[in-house]
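Visitor: This structure is in structure tokens; I'll ask about it shortly.
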Amino acid sequence: MSAEGHDHGHDHEHEHHHKETFITKYIFSIDHKMIAKQYLISGIVMGIIGVSMSLLFRMQLAWPEESFKIFNVLLGDKWAPNGVMTNDIYLSLVTIHGTIMVFFVLTAALSGTFSNLLIPLQIGARDMASGFMNMVSYWLFFLSSIIMVSSLFVESGPANSGWTIYPPLSALPQAIGGSGMGMTLWLISMAIFIASSLMGSLNYIVTVINLRTKGMSMTRLPLTIWAFFVTAIIGVVSFPVLLSAALLLIFDRSFGTSFFLSDIYIAGEVLHYQGGSPVLFEHLFWFLGHPEVYIVLLPALGITSEVIATNSRKPIFGYRAMIMSIIAIAFLSTIVWGHHMFVSGMNPFLGSVFTFTTLLIAIPSAVKAFNYITTLWKGNLQLNPAMLFSIGLVSTFITGGLTGIILGDSTLDINVHDTYFVVAHFHLVMGISALYGMFAGIYHWFPRMFGRMLNKNLGYVHFWVTAICAYGVFFPMHFIGLAGLPRRYYTNTNFPLFDDLQNVNVLITTFALIGGAFQLVFLYNFFSSIFYGKKSVQNPWKSNTLEWTAPMEHIHGNWPGEIPEVHRWPYDYSNPNHDEDFVPQNVPMKPGEEVLHH
Amino acid sequence: MTSLLVIIVLVLLAVALWQLTKIFDLTQVGSESDSSQVASDNDNNVQGYLMFGFLAFIYIFSIYGLFTWGPLVLHTPASAHGGQVDNLMNITWVLIFIVQAITQVLLHYFAFKYRGKKDQKALYFADNNKLEAIWSVIPAVVLAGLILYGLYAWTNIMFIDEDEDTIVIELYAQQFNWTARVSGEDNVLGKANVRYIEGVNILGVDLADPYAQDDIVVKELHIPKGKKIHFKMRSQDVLHSAYMPYFRAQMNCVPGMVTEFAFEPIYTTSEYRELPYMIEKVANINAIRSKKSIELVANGKAALDPYAFDFLLLCNKICGASHYNMQMKIIVDTPEDYKAWLKQQTVLADQMKAAASPSSEDGASAADSLKAKDTMAVVKIAMK
């Protein structure tokens, strides 16, 4: 396969004319830019569902067992009789919130949108290696989303054993209502999701390896591409393991095997299962589950690298170190899963090993954080909304990452494991950080996607309220975790011991509701700007990367005529040899110009 | 009702800020800046100052939090190893706060200081091996220290010396309650399996096992101060987690296997209640509860009981719909009181005899129903 694989530059107009119908252009499109938009819009819809769920259960936590009309309206008489949320649906909301946000929003929508949009455009390719597979990948994702959402409406309730679906709870409908039809749909949805994710990832990997334009060596790739590339590799390595865990769980549930179950007495009878172990499931789950954190985070960091460099008008500091740390994080992420299982009953010796590997991750992470900060130093910072979200990401990444030193240390994990401290930690370091990365990407590449600009002032309001609310929600949460409050409790009123934490919960929920409400500002900005936003100029951020050399109106094949050739690395900002403060990658070296050290 | 008010306030707040944005928009009409996202010098200036303000927010919020919510955090560990855990925790916190304070200042201060201006050019500064070496090596060295201390403590806590003089107690989890089994005079727990569960024998103890004869099953656990307790955990249905926060102890209970955790309590319950911080905490909680009681009584509901501190065993792994209400009281006695308590308990074997003896008819029917259950299980397996 060559970069010129399906060059159809010259007769483009002609081809465009008679091949594209509404269906092939907007629905079953094989154009990576359209698929990116499809991922983004689907992700936003799933995000609205996921975030709304969290607001509902946060209300229950702040005002336990109080009656709210809205519960009754949204959840119905069965799950919220007289407007009081039941404990079953509380756990369902928690479970589906986690599943949707982690997999459907921060994995599929984040990677799906930006890998699809940027990989061909930034490496100088006409499209993905396989446009058809790309389309199938999106539609499988769509199908799995439909199944996941439809599981909300089954009679016995949606899955409610936590997004980690540990058996036996998830395997036995006798143990909890959601482990019936709801869990079946959850597993089917996830199996399809994984197939979609694998197709997407394989496509990204092949495209990056094979379809780079002339001159685009691996060390001239923008850091976004490096991040997407490595993310795809982690996905291909770890998602199949979750698939096998899900399949084995399906076997245990439906065909009476005992992979994960043993010696169970429930609802007055002994079940036949013998010899299996739930700990095995935990190993399989977290072999995906932990790399998953980086599948979510690395694309966000890649976007941040690009946005921070462009808007600082400075080269990203330590380009090679950034690549090395992405690779190091990816490698380490596959050998740390046991830190989720320090108190699972596995051999304590394993705990020692996993503590060691886990804390090692802090080193490449520290390198990244310091490199971002140094990139800002003596820059000429253009503080537009994308830049604010990127700086915000570095801030939450540090705050959330630092508490990882506590959770990764087996000794300290004993007492904070499964408390709200964990919830606070991972929401900051992967939830909020990745969301910020996604927002930064949307604000930065919106002109590239839709040819129009988002409204700046709405963007500023969106950022500042979100930033304050994110800290407002998750900072106090550390304290209630350190007070020993377990997560996934429907209410804490059965423990007078925790009565003094109640007003903290009210504060957290208040911040959550404000922050949630202000996402409407973003939604309004997003959807109205698609149609009414100011038309974008060719390269609004004066960026170096190739996507801004392609015409703003989308055409199949990205560039009319030849694909631009690349002559330099992507971070030649404020290069002293040039008058302009940016030198796009396709600008040839001046006679006698030397490559500056990077 | 209050909550409804809160929501209304929130909505109004949102509307107010919305209007503010509009005004912000209007102030820019006619000026050279456009409504697209590209930041003008004016924007950079405003946003730069806001960045600085945000730094102040993070700092003030952190300090406020430390003073307001700091006292809520678990304090004085009630177990011998807890001191080591808390010590490591405190060292880690100091490091975290130092790094957090420095990096957030740098990040937000740079964002303010180097806010963009027209005709200003950034410094081309792409790489510096020395700097990068510094911020790879320093975290590596600091982490190596933490890892070593952590592993030392972990090994001390988790590897239980079988020869040590301990009291062996089983913690048994089921949806949604805890039961404990004290191993009795021989200090060995009798064999058990869910397949022996029957009537009073809710833990499935194998009464044919000689070690099981002196086992005592209780719903409220007493343990003596100053002696290491070797807990062995079992679960009969789903995963649970035996969480005893004040003892800095936690271990999952896994169906099909036995897990363990050992610690030595160093305060009796009454000693711990008398700790100044605990007196303050309980007073605070009771103040909250009496305030809530007034509200409840006004609505014609029963008032809340006053709270007295007790060590609790909580479930900390989602185990079903009533996960949020799975607890058992643990009372730490002086060794003498513990002995006295132990004497009052009836061993399981006697309990079972007592349950069987009053009428032999009941026993027979129980056996019948068990047989019937067995047949049903066999049929079910066969059907599958």
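Quick note on naming: the chains in the structure tokens go A, B, ... in the order shown, residues restart at 1 in each chain, and ligands are numbered from 1 in order of appearance.
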Residues at most 7 Å from A:Asn87, counting only C-alpha atoms, excluding those fewer than 3 positions away in the same chain, as number ranges by chain?

Guide: A: 90-91, 490; B: 321

Visitor: Taking 5 positions as the minimum chain separation for residues in the same chain, which residues sit within 7 Å of stretch 323-339 of chain A when counting only C-alpha atoms? Answer as a PyMOL selection string.

Guide: chain A and resi 226-227+230+234+286-287+290-291+351+354-355+357-358+361+364+408

Visitor: Store the residues picked out above in a file with N, CA and C atoms, as an mmCIF file, in the first residue's frame.

Guide:
```cif
data_model
loop_
_atom_site.group_PDB
_atom_site.id
_atom_site.type_symbol
_atom_site.label_atom_id
_atom_site.label_comp_id
_atom_site.auth_asym_id
_atom_site.auth_seq_id
_atom_site.Cartn_x
_atom_site.Cartn_y
_atom_site.Cartn_z
ATOM 1 N N TRP A 226 1.265 10.188 17.537
ATOM 2 C CA TRP A 226 1.955 9.229 18.399
ATOM 3 C C TRP A 226 1.012 8.697 19.471
ATOM 4 N N ALA A 227 0.257 9.607 20.082
ATOM 5 C CA ALA A 227 -0.650 9.188 21.156
ATOM 6 C C ALA A 227 -1.734 8.253 20.614
ATOM 7 N N VAL A 230 -0.117 4.773 19.698
ATOM 8 C CA VAL A 230 0.189 3.920 20.858
ATOM 9 C C VAL A 230 -1.097 3.483 21.553
ATOM 10 N N ILE A 234 -2.282 -0.341 22.499
ATOM 11 C CA ILE A 234 -2.739 -0.836 23.812
ATOM 12 C C ILE A 234 -4.115 -1.467 23.663
ATOM 13 N N TRP A 286 -9.078 -6.471 34.824
ATOM 14 C CA TRP A 286 -8.148 -5.354 35.000
ATOM 15 C C TRP A 286 -6.983 -5.420 34.028
ATOM 16 N N PHE A 287 -6.780 -6.580 33.399
ATOM 17 C CA PHE A 287 -5.749 -6.595 32.352
ATOM 18 C C PHE A 287 -6.179 -5.680 31.212
ATOM 19 N N HIS A 290 -6.953 -1.609 33.460
ATOM 20 C CA HIS A 290 -5.971 -0.574 33.702
ATOM 21 C C HIS A 290 -5.430 0.064 32.430
ATOM 22 N N PRO A 291 -5.008 -0.723 31.443
ATOM 23 C CA PRO A 291 -4.626 -0.072 30.178
ATOM 24 C C PRO A 291 -5.735 0.841 29.668
ATOM 25 N N GLY A 351 1.185 -8.328 45.387
ATOM 26 C CA GLY A 351 0.947 -6.947 45.764
ATOM 27 C C GLY A 351 2.236 -6.141 45.737
ATOM 28 N N PHE A 354 3.244 -5.437 42.089
ATOM 29 C CA PHE A 354 2.405 -4.440 41.429
ATOM 30 C C PHE A 354 2.598 -3.040 42.018
ATOM 31 N N THR A 355 2.939 -2.973 43.295
ATOM 32 C CA THR A 355 3.260 -1.657 43.869
ATOM 33 C C THR A 355 4.459 -1.078 43.134
ATOM 34 N N THR A 357 5.746 -1.795 40.062
ATOM 35 C CA THR A 357 5.506 -1.379 38.677
ATOM 36 C C THR A 357 4.594 -0.147 38.615
ATOM 37 N N THR A 358 3.631 -0.090 39.535
ATOM 38 C CA THR A 358 2.679 1.019 39.499
ATOM 39 C C THR A 358 3.362 2.349 39.770
ATOM 40 N N ILE A 361 5.198 4.207 37.018
ATOM 41 C CA ILE A 361 4.455 5.009 36.037
ATOM 42 C C ILE A 361 4.540 6.491 36.370
ATOM 43 N N PRO A 364 7.441 8.538 33.964
ATOM 44 C CA PRO A 364 7.068 9.150 32.683
ATOM 45 C C PRO A 364 5.944 10.180 32.814
ATOM 46 N N GLY A 408 -1.504 3.550 44.609
ATOM 47 C CA GLY A 408 -0.632 2.546 44.017
ATOM 48 C C GLY A 408 0.246 1.858 45.046
#
```

Visitor: Would you work out the distance separating atom CA of A:Trp377 from atom CA of A:Thr399, expressed in Å to one decimal?

Guide: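 Pair atom CA of A:Trp377 / atom CA of A:Thr399 returns 20.1 Å.
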
Visitor: With distances taken over only C-alpha atoms, which residue among B:Ile202, B:Lys353, B:Gly48, B:Asn286 lies nearest B:Lys117?

Guide: B:Gly48

Visitor: Between B:Leu107, B:Ala303, B:Ala192, B:Ile63, which residue has the minimum interatomic distance to chain A, considering only C-alpha atoms?

Guide: B:Leu107

Visitor: Got a sec: who's within 9 Å of B:Gly320, counting only C-alpha atoms, leaving out chain neighbours fewer than 6 positions off, as a CSV table (one decimal) with N, CA and C atoms, in the first residue's frame?

Guide:
```csv
chain,number,residue,atom,x,y,z
A,88,ASP,N,-32.1,-0.3,44.0
A,88,ASP,CA,-31.7,-1.1,42.8
A,88,ASP,C,-31.3,-0.1,41.7
A,91,LEU,N,-27.9,1.7,42.0
A,91,LEU,CA,-26.8,1.0,41.6
A,91,LEU,C,-26.7,0.9,40.1
A,160,ASN,N,-26.5,-3.8,37.3
A,160,ASN,CA,-26.2,-2.9,38.5
A,160,ASN,C,-25.2,-3.5,39.4
A,161,SER,N,-24.2,-4.2,38.9
A,161,SER,CA,-23.2,-4.7,39.7
A,161,SER,C,-21.9,-3.9,39.6
A,169,LEU,N,-21.7,-11.6,41.6
A,169,LEU,CA,-22.8,-10.7,41.6
A,169,LEU,C,-23.4,-10.5,40.2
A,175,ALA,N,-28.8,-12.8,42.9
A,175,ALA,CA,-28.1,-12.0,43.7
A,175,ALA,C,-28.5,-10.5,43.6
A,176,ILE,N,-28.9,-10.1,42.4
A,176,ILE,CA,-29.3,-8.7,42.2
A,176,ILE,C,-30.1,-8.7,40.9
A,177,GLY,N,-31.2,-7.9,40.9
A,177,GLY,CA,-32.1,-7.9,39.7
A,177,GLY,C,-31.4,-7.6,38.4
B,175,GLN,N,-25.1,-12.0,51.8
B,175,GLN,CA,-26.0,-10.9,51.5
B,175,GLN,C,-27.0,-10.8,52.7
B,176,PHE,N,-27.2,-9.8,53.5
B,176,PHE,CA,-26.4,-8.7,53.6
B,176,PHE,C,-26.1,-8.6,55.1
B,238,VAL,N,-21.6,-13.8,47.1
B,238,VAL,CA,-20.9,-12.9,46.1
B,238,VAL,C,-19.7,-12.4,46.8
```

Visitor: Starting from chain B, keep only residues with some atom at most 6 Å from an atom of chain A, counting only C-alpha atoms, and report them as an MDAnalysis selection string.

Guide: chainID B and resid 35:37 39 44 72:74 107 110 114:116 122:124 126:127 136 150 154 194 236:238 245 248 250:252 256 259 285 316 320:321 324
